[in-house]
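Coordinates as given in upload-v7.txt (compact mmCIF, C-alpha atoms):
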# COMPACT_ATOMS: atom_id res chain seq x y z
CA MET A 1 98.62 74.84 165.02
CA PHE A 2 98.97 72.48 167.98
CA GLY A 3 97.53 68.97 168.05
CA PHE A 4 96.19 66.71 170.78
CA PHE A 5 95.86 63.00 169.97
CA ALA A 6 93.02 60.96 171.45
CA PRO A 7 91.82 57.45 170.53
CA SER A 8 88.99 58.75 168.32
CA ALA A 9 90.01 62.18 166.99
CA GLU A 10 92.71 64.79 166.64
CA VAL A 11 91.73 68.18 168.04
CA SER A 12 93.59 71.45 167.48
CA ILE A 13 92.96 75.16 168.04
CA GLU A 14 94.06 77.73 165.48
CA LEU A 15 93.94 81.46 166.30
CA ASP A 16 93.25 84.06 163.61
CA GLY A 17 96.33 85.97 162.48
CA ASN A 18 98.60 83.72 164.51
CA GLU A 19 101.36 83.82 161.89
CA LYS A 20 101.67 87.62 162.30
CA ARG A 21 101.00 87.89 166.02
CA GLN A 22 103.81 88.68 168.45
CA LEU A 23 104.90 85.75 170.59
CA VAL A 24 105.95 86.20 174.21
CA GLU A 25 108.34 83.86 175.98
CA VAL A 26 106.79 82.50 179.17
CA LYS A 27 108.98 80.81 181.75
CA GLY A 28 107.58 78.11 184.00
CA GLY A 29 108.39 74.94 185.90
CA ASN A 30 108.49 72.94 182.65
CA GLY A 31 110.86 75.33 180.90
CA SER A 32 110.08 78.26 178.65
CA ARG A 33 107.48 78.38 175.91
CA LYS A 34 106.18 81.01 173.50
CA GLN A 35 102.57 82.14 173.58
CA PRO A 36 100.59 84.59 171.39
CA LEU A 37 100.12 88.11 172.78
CA TYR A 38 96.75 89.85 173.04
CA PHE A 39 95.87 93.24 174.46
CA GLY A 40 93.06 93.68 176.98
CA LYS A 41 90.20 94.74 174.71
CA GLU A 42 91.28 92.71 171.71
CA ALA A 43 88.94 89.97 170.45
CA VAL A 44 90.18 86.38 170.65
CA LYS A 45 88.94 84.47 167.66
CA GLY A 46 89.84 81.48 165.55
CA LYS A 47 88.68 77.96 164.89
CA VAL A 48 88.78 74.48 166.38
CA ILE A 49 89.64 71.68 163.96
CA VAL A 50 88.47 68.13 164.68
CA VAL A 51 89.79 65.25 162.55
CA PRO A 52 88.05 61.99 163.56
CA SER A 53 89.69 58.61 163.02
CA LYS A 54 86.20 57.10 162.71
CA ARG A 55 82.59 58.22 162.89
CA LEU A 56 82.22 60.06 166.17
CA GLU A 57 78.91 60.61 167.93
CA HIS A 58 78.84 63.48 170.43
CA ASN A 59 76.52 65.34 172.80
CA GLY A 60 77.69 68.79 171.73
CA ALA A 61 80.79 70.97 171.48
CA LYS A 62 81.70 74.12 173.39
CA ILE A 63 84.65 76.39 174.04
CA ASP A 64 85.45 78.57 177.07
CA LEU A 65 87.76 81.54 177.51
CA ILE A 66 89.07 81.46 181.07
CA GLY A 67 91.21 83.80 183.14
CA CYS A 68 92.39 82.36 186.45
CA ILE A 69 94.93 82.71 189.25
CA GLU A 70 96.81 79.65 190.47
CA LEU A 71 98.70 79.71 193.77
CA GLU A 72 101.49 77.23 194.42
CA TYR A 73 100.38 76.52 198.00
CA ASP A 74 96.78 75.94 196.87
CA ARG A 75 97.20 73.97 193.67
CA GLY A 76 93.83 72.25 193.95
CA ASN A 77 91.95 75.54 193.55
CA HIS A 78 92.01 77.80 190.51
CA TYR A 79 90.54 81.23 191.18
CA VAL A 80 88.62 82.14 188.04
CA PHE A 81 88.13 85.90 187.64
CA THR A 82 86.73 85.95 184.11
CA THR A 83 85.02 83.34 181.95
CA SER A 84 82.96 83.26 178.77
CA ASN A 85 81.34 80.28 177.06
CA LYS A 86 80.43 79.61 173.44
CA ALA A 87 78.33 76.66 172.25
CA LEU A 88 79.83 75.47 168.96
CA ALA A 89 77.62 72.55 167.94
CA PRO A 90 74.48 70.71 169.08
CA PRO A 91 74.51 66.92 169.61
CA GLY A 92 75.29 65.02 166.41
CA GLU A 93 78.11 63.15 164.74
CA ILE A 94 81.43 63.93 163.03
CA SER A 95 82.66 61.67 160.26
CA GLU A 96 85.16 63.97 158.51
CA LEU A 97 87.34 66.99 159.16
CA THR A 98 85.15 69.60 160.85
CA GLU A 99 85.91 73.21 161.77
CA PHE A 100 84.17 75.21 164.49
CA GLU A 101 84.68 78.99 164.40
CA PHE A 102 84.61 81.07 167.58
CA ASN A 103 84.87 84.75 168.47
CA PHE A 104 85.28 86.08 172.02
CA ASP A 105 84.64 89.80 171.77
CA ASN A 106 84.28 92.23 174.68
CA VAL A 107 85.35 89.64 177.26
CA PRO A 108 86.85 91.47 180.28
CA LYS A 109 90.60 90.86 180.60
CA ALA A 110 91.37 93.36 183.34
CA HIS A 111 94.51 91.69 184.69
CA GLU A 112 97.76 91.06 182.85
CA SER A 113 99.25 87.60 182.51
CA TYR A 114 101.85 86.89 185.17
CA HIS A 115 104.12 83.88 185.72
CA GLY A 116 105.97 84.14 189.02
CA LYS A 117 107.58 81.87 191.58
CA HIS A 118 104.49 81.14 193.69
CA VAL A 119 101.65 82.44 191.53
CA GLN A 120 100.44 82.19 187.94
CA LEU A 121 97.84 84.42 186.31
CA ARG A 122 96.97 82.89 182.99
CA TYR A 123 94.42 83.00 180.20
CA TYR A 124 93.48 80.02 178.08
CA LEU A 125 90.89 78.59 175.72
CA LYS A 126 89.35 75.24 176.60
CA PHE A 127 87.51 73.23 173.96
CA GLU A 128 85.35 70.27 174.94
CA LEU A 129 83.63 67.73 172.69
CA GLN A 130 81.25 65.63 174.78
CA THR A 131 81.53 62.22 173.20
CA LYS A 132 79.15 59.29 173.74
CA GLY A 133 80.58 56.30 175.55
CA LEU A 134 84.02 57.90 176.01
CA SER A 135 85.48 60.62 178.17
CA SER A 136 85.16 64.06 176.59
CA LEU A 137 87.78 65.20 174.10
CA THR A 138 89.40 68.40 175.37
CA ARG A 139 92.07 70.81 174.17
CA GLU A 140 93.55 73.87 175.90
CA HIS A 141 95.43 76.75 174.31
CA GLU A 142 97.12 79.45 176.40
CA PHE A 143 97.70 83.06 175.42
CA VAL A 144 99.23 86.12 177.07
CA VAL A 145 97.37 89.34 177.90
CA GLN A 146 98.98 92.76 178.31
CA ASN A 147 97.19 96.06 178.91
CA TYR A 148 98.21 99.53 177.80
CA GLN A 149 98.81 101.90 180.70
CA VAL A 150 98.47 105.66 180.52
CA PRO A 151 101.62 107.54 181.63
CA PRO A 152 101.11 108.99 185.12
CA GLU A 153 100.04 112.63 185.18
CA VAL A 154 101.99 113.25 188.41
CA ASN A 155 105.46 111.76 188.70
CA ASN A 156 107.33 113.46 191.50
CA GLY A 157 110.95 112.78 192.24
CA ILE A 158 112.23 111.06 195.38
CA LYS A 159 114.50 112.81 197.86
CA MET A 160 115.57 111.29 201.17
CA GLU A 161 118.22 111.66 203.84
CA VAL A 162 119.94 108.80 205.65
CA GLY A 163 122.39 109.07 208.49
CA ILE A 164 124.14 107.56 211.47
CA GLU A 165 124.57 110.14 214.21
CA GLU A 166 127.96 111.88 214.01
CA CYS A 167 129.26 109.20 211.63
CA MET A 168 127.56 109.52 208.27
CA HIS A 169 124.95 111.69 206.63
CA ILE A 170 123.99 111.19 203.00
CA GLU A 171 121.20 112.49 200.82
CA PHE A 172 119.95 110.73 197.72
CA GLU A 173 117.47 111.69 195.06
CA TYR A 174 115.90 110.00 192.04
CA ASN A 175 114.34 111.95 189.19
CA LYS A 176 110.99 110.10 189.29
CA SER A 177 108.97 107.71 191.43
CA ARG A 178 107.26 105.93 188.50
CA TYR A 179 109.18 104.34 185.63
CA HIS A 180 108.33 102.70 182.34
CA LEU A 181 109.73 99.19 181.86
CA LYS A 182 112.24 100.56 179.31
CA ASP A 183 113.05 103.68 181.31
CA VAL A 184 116.31 104.91 182.86
CA ILE A 185 116.52 105.67 186.57
CA ILE A 186 118.59 108.83 187.05
CA GLY A 187 119.66 110.21 190.38
CA LYS A 188 122.45 111.42 192.66
CA VAL A 189 123.93 110.53 196.04
CA PHE A 190 125.34 113.42 198.12
CA PHE A 191 127.78 112.84 200.97
CA ILE A 192 127.14 115.54 203.56
CA LEU A 193 129.10 113.91 206.40
CA VAL A 194 131.51 110.97 206.10
CA ARG A 195 133.40 109.66 209.14
CA ILE A 196 133.20 106.01 208.16
CA LYS A 197 135.65 104.57 205.66
CA ILE A 198 133.38 103.48 202.83
CA LYS A 199 134.82 100.84 200.52
CA HIS A 200 132.20 100.87 197.78
CA MET A 201 128.52 101.52 197.06
CA GLU A 202 125.95 99.39 195.21
CA LEU A 203 122.53 100.07 193.76
CA SER A 204 120.11 97.25 193.03
CA LEU A 205 116.51 96.83 191.93
CA ILE A 206 114.64 94.24 193.98
CA LYS A 207 111.44 92.47 192.95
CA ARG A 208 109.17 91.26 195.75
CA GLU A 209 106.33 88.86 195.00
CA THR A 210 103.75 88.32 197.77
CA CYS A 211 100.78 85.98 197.71
CA GLY A 212 98.45 84.39 200.24
CA GLN A 213 97.59 85.50 203.75
CA GLY A 214 98.52 84.61 207.33
CA PRO A 215 100.35 81.26 207.65
CA ASN A 216 99.95 80.74 203.91
CA GLU A 217 101.64 84.00 202.95
CA PHE A 218 104.63 83.56 200.65
CA LYS A 219 107.22 86.19 199.79
CA GLU A 220 109.78 85.77 197.07
CA GLN A 221 112.50 88.41 196.77
CA THR A 222 114.73 88.58 193.71
CA THR A 223 117.55 90.98 192.87
CA VAL A 224 116.84 91.82 189.23
CA ILE A 225 119.61 94.39 188.65
CA LYS A 226 122.73 95.10 190.68
CA TYR A 227 125.49 97.61 189.91
CA GLU A 228 128.48 98.99 191.77
CA ILE A 229 128.13 102.76 191.40
CA MET A 230 131.15 103.82 193.48
CA ASP A 231 134.52 102.25 194.27
CA GLY A 232 136.67 103.91 196.91
CA ALA A 233 136.12 106.21 199.87
CA PRO A 234 133.97 109.31 199.30
CA VAL A 235 134.71 112.66 200.90
CA LYS A 236 132.46 115.29 202.37
CA GLY A 237 130.65 117.25 199.66
CA GLU A 238 131.14 114.59 196.98
CA SER A 239 128.27 113.73 194.64
CA VAL A 240 127.93 110.35 192.91
CA PRO A 241 125.67 110.13 189.83
CA VAL A 242 123.21 107.25 189.44
CA ARG A 243 122.06 105.88 186.10
CA LEU A 244 120.23 102.56 185.97
CA PHE A 245 118.91 101.23 182.64
CA LEU A 246 115.79 99.07 182.99
CA GLY A 247 115.57 97.88 179.38
CA GLY A 248 116.73 94.34 178.69
CA PHE A 249 115.76 92.91 182.08
CA ASP A 250 112.91 90.54 182.93
CA LEU A 251 110.56 93.06 184.53
CA THR A 252 106.80 93.34 184.93
CA PRO A 253 104.67 96.32 185.92
CA THR A 254 103.96 96.82 189.60
CA TYR A 255 100.88 94.84 190.64
CA ARG A 256 99.04 95.65 193.88
CA GLN A 257 96.54 93.18 195.32
CA VAL A 258 95.51 91.62 192.01
CA ASN A 259 92.07 90.15 192.64
CA LYS A 260 93.09 90.22 196.33
CA LYS A 261 95.43 87.29 195.67
CA PHE A 262 98.94 88.62 195.01
CA SER A 263 101.18 91.67 194.64
CA VAL A 264 104.44 92.41 192.82
CA ARG A 265 106.46 95.42 193.97
CA TYR A 266 109.86 96.88 193.16
CA TYR A 267 112.39 98.58 195.43
CA LEU A 268 115.59 100.51 194.82
CA ASN A 269 118.16 99.30 197.34
CA LEU A 270 121.17 101.55 198.01
CA VAL A 271 123.97 99.76 199.91
CA LEU A 272 127.21 101.16 201.31
CA ILE A 273 129.95 98.74 202.47
CA ASP A 274 132.70 99.91 204.80
CA GLU A 275 136.23 98.54 205.20
CA LEU A 276 134.99 96.12 207.89
CA ASP A 277 132.38 94.80 205.41
CA ARG A 278 129.55 96.28 207.41
CA ARG A 279 126.58 97.13 205.22
CA TYR A 280 124.42 100.25 205.44
CA PHE A 281 121.35 100.26 203.22
CA LYS A 282 118.19 102.16 202.42
CA GLN A 283 115.27 100.88 200.37
CA GLN A 284 112.78 102.98 198.46
CA GLU A 285 109.77 101.63 196.59
CA VAL A 286 109.31 102.67 192.97
CA THR A 287 106.41 101.95 190.64
CA LEU A 288 106.95 100.29 187.25
CA TRP A 289 104.33 100.58 184.52

Could you write out this file's structure as structure tokens?
Amino acid sequence: MFGFFAPSAEVSIELDGNEKRQLVEVKGGNGSRKQPLYFGKEAVKGKVIVVPSKRLEHNGAKIDLIGCIELEYDRGNHYVFTTSNKALAPPGEISELTEFEFNFDNVPKAHESYHGKHVQLRYYLKFELQTKGLSSLTREHEFVVQNYQVPPEVNNGIKMEVGIEECMHIEFEYNKSRYHLKDVIIGKVFFILVRIKIKHMELSLIKRETCGQGPNEFKEQTTVIKYEIMDGAPVKGESVPVRLFLGGFDLTPTYRQVNKKFSVRYYLNLVLIDELDRRYFKQQEVTLW
């Protein structure tokens, strides 16, 4: 239970089954916090508790469930993509502890919660008690939404060739193009021609967040995982195995044009460094689900 103190009443929102519900850590500008987890089609229900410090006359009480996208460069505008309203009480007065029950069932929650560098997609409940003679008493309560995804029916591997004419020719392959967030990326790198003295080879997973358009387009690139997969010079015909464990890292599914506001994509970045510290790299997009 979380409280909000105002001059005339204490207001709090309590969700049903909160003591047994999984909590998800959400990181933001004000540090990390834990929020209850709901799945897309799950009902959000509970009660609002109002404890007045004195007799309180009001013009009615309501609660909204809101899903919105907030962009850092456009903080004044919240893009609401889903909303549902419940009237909890007609005009009247509150003189003692009063509870208002609510149940949001079958409210569309098509998008998953996301907390990135330049964009936030969040869900929250907003209670409002319209008091007489005072500003309204309000209370917000955030929660996280995740949606189950069906495993892809087609999940072909990736096979590509990269080369520098008469200097280097390599071939790499990954077992799949779509990976679960707890999956393992398995692959191989084949050296067909090597006339450059390679010092070592790295494989990284890059997250790229994009939001906005035109002059207001923002891109944030983060290296989530980075491993050295080879140390020393390879020879012609050599094969280097690749095994990258995704579990344990702060990953999200791939999001493409969510509500036409933002995207989150992931790329495997293979980098070879020669003895002169020159870098040769090849990126390949993969889908996380």

Hey, what's within 9 Å of stretch 20-36 of chain A if we count only C-alpha atoms and toss same-chain stuff fewer than 6 positions away? As a count of residues only, please?
9

Determine, counting only C-alpha atoms, which protein, DNA and RNA residues have an atom within 12 Å of an atom of A:Ile49; residues of the same chain fewer than 5 positions away are not included. Present the result as an mmCIF file with C-alpha atoms, in the coordinates of the input.
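Contents of the output file part36.cif:
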data_model
loop_
_atom_site.group_PDB
_atom_site.id
_atom_site.type_symbol
_atom_site.label_atom_id
_atom_site.label_comp_id
_atom_site.auth_asym_id
_atom_site.auth_seq_id
_atom_site.Cartn_x
_atom_site.Cartn_y
_atom_site.Cartn_z
ATOM 1 C CA MET A 1 98.620 74.840 165.020
ATOM 2 C CA PHE A 2 98.970 72.480 167.980
ATOM 3 C CA GLY A 3 97.530 68.970 168.050
ATOM 4 C CA PHE A 4 96.190 66.710 170.780
ATOM 5 C CA ALA A 9 90.010 62.180 166.990
ATOM 6 C CA GLU A 10 92.710 64.790 166.640
ATOM 7 C CA VAL A 11 91.730 68.180 168.040
ATOM 8 C CA SER A 12 93.590 71.450 167.480
ATOM 9 C CA ILE A 13 92.960 75.160 168.040
ATOM 10 C CA GLU A 14 94.060 77.730 165.480
ATOM 11 C CA LEU A 15 93.940 81.460 166.300
ATOM 12 C CA ALA A 61 80.790 70.970 171.480
ATOM 13 C CA LEU A 88 79.830 75.470 168.960
ATOM 14 C CA ILE A 94 81.430 63.930 163.030
ATOM 15 C CA GLU A 96 85.160 63.970 158.510
ATOM 16 C CA LEU A 97 87.340 66.990 159.160
ATOM 17 C CA THR A 98 85.150 69.600 160.850
ATOM 18 C CA GLU A 99 85.910 73.210 161.770
ATOM 19 C CA PHE A 100 84.170 75.210 164.490
ATOM 20 C CA GLU A 101 84.680 78.990 164.400
ATOM 21 C CA PHE A 102 84.610 81.070 167.580
ATOM 22 C CA PHE A 127 87.510 73.230 173.960
ATOM 23 C CA GLU A 128 85.350 70.270 174.940
ATOM 24 C CA LEU A 129 83.630 67.730 172.690
ATOM 25 C CA THR A 138 89.400 68.400 175.370
ATOM 26 C CA ARG A 139 92.070 70.810 174.170
#

Using only C-alpha atoms, pick whichever of A:Asn77, A:Thr131, A:Asn147, A:Ser95 has the shortest atom-to-atom distance to A:Asn59.
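Using only C-alpha atoms, A:Asn59 sits closest to A:Thr131.
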
Check which residues of stretch 64-116 of chain A sit at most 12 Å from stretch 210-218 of chain A using only C-alpha atoms, and return one row each with the closest pair of atoms and their distance in Å to one decimal, ordered by chain and rising number, as JSON lines.
{"residue": "A:Ile69", "atom": "CA", "partner": "A:Cys211", "partner_atom": "CA", "distance": 10.8}
{"residue": "A:Glu70", "atom": "CA", "partner": "A:Cys211", "partner_atom": "CA", "distance": 10.4}
{"residue": "A:Leu71", "atom": "CA", "partner": "A:Cys211", "partner_atom": "CA", "distance": 7.7}
{"residue": "A:Glu72", "atom": "CA", "partner": "A:Cys211", "partner_atom": "CA", "distance": 9.4}
{"residue": "A:Tyr73", "atom": "CA", "partner": "A:Asn216", "partner_atom": "CA", "distance": 7.3}
{"residue": "A:Asp74", "atom": "CA", "partner": "A:Asn216", "partner_atom": "CA", "distance": 9.1}
{"residue": "A:Gly116", "atom": "CA", "partner": "A:Thr210", "partner_atom": "CA", "distance": 9.9}

Please produce an output containing C-alpha atoms for each residue in the selection, written as a PDB file, keeping the file's coordinate frame.
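Contents of part37.pdb, as written:
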ATOM      1  CA  ILE A  69      94.930  82.710 189.250  1.00  0.00           C
ATOM      2  CA  GLU A  70      96.810  79.650 190.470  1.00  0.00           C
ATOM      3  CA  LEU A  71      98.700  79.710 193.770  1.00  0.00           C
ATOM      4  CA  GLU A  72     101.490  77.230 194.420  1.00  0.00           C
ATOM      5  CA  TYR A  73     100.380  76.520 198.000  1.00  0.00           C
ATOM      6  CA  ASP A  74      96.780  75.940 196.870  1.00  0.00           C
ATOM      7  CA  GLY A 116     105.970  84.140 189.020  1.00  0.00           C
TER       8      GLY A 116
END

Measure the distance from atom CA of A:Lys207 to atom CA of A:Glu173 in Å and round it to one decimal.
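Value for the atom CA of A:Lys207-atom CA of A:Glu173 distance: 20.3 Å.
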
Surrounding residues of A:Leu181 excluding itself and chain neighbours under 6 positions, 10 Å, all atoms listed in the file, as an MDAnalysis selection string:
chainID A and resid 245:254 287:289

Considering only C-alpha atoms, return as a list in words whatever protein or nucleic-acid residues lie within 7 Å of A:Ser263, sequence-local ones (same chain, fewer than 5 positions apart) excluded.
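Everything that qualifies: Glu209, Thr210, Cys211, Tyr255, Arg256, Gln257 and Val258 of chain A.
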
Pick from A:Val189, A:Val50, A:Ile66, A:Ile196: nearest to A:Leu137, with only C-alpha atoms counted?
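Looking only at the distances to A:Leu137, the closest residue turns out to be A:Val50.
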
Nearest residue to A:Gln283 from the set A:Ile192, A:Ala110, A:Ala43, A:Leu270 (distances using only C-alpha atoms)
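Checking each candidate against A:Gln283, we get A:Leu270 as the closest.
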
For A:Pro241, please output as a ChimeraX atom specification all residues within 8 Å (counting only C-alpha atoms; exclusion window: fewer than 5 positions along the same chain).
/A:186-189,229

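From atom CA of A:Pro234 back to atom CA of A:Tyr266, the distance works out to 27.8 Å.
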
Please compute the atom CA of A:Lys126-atom CA of A:Leu37 distance, one decimal, in Å.
17.2 Å

Let me make sure I understand: among A:Tyr124, A:Phe281, A:Phe190, A:Phe81, which one has the smallest atom-to-atom distance to A:Lys261 if we use only C-alpha atoms?
A:Phe81

Using only C-alpha atoms, which residue out of A:Gln130, A:Gln120, A:Asn269, A:Asn259 lies closest to A:Glu228?
A:Asn269
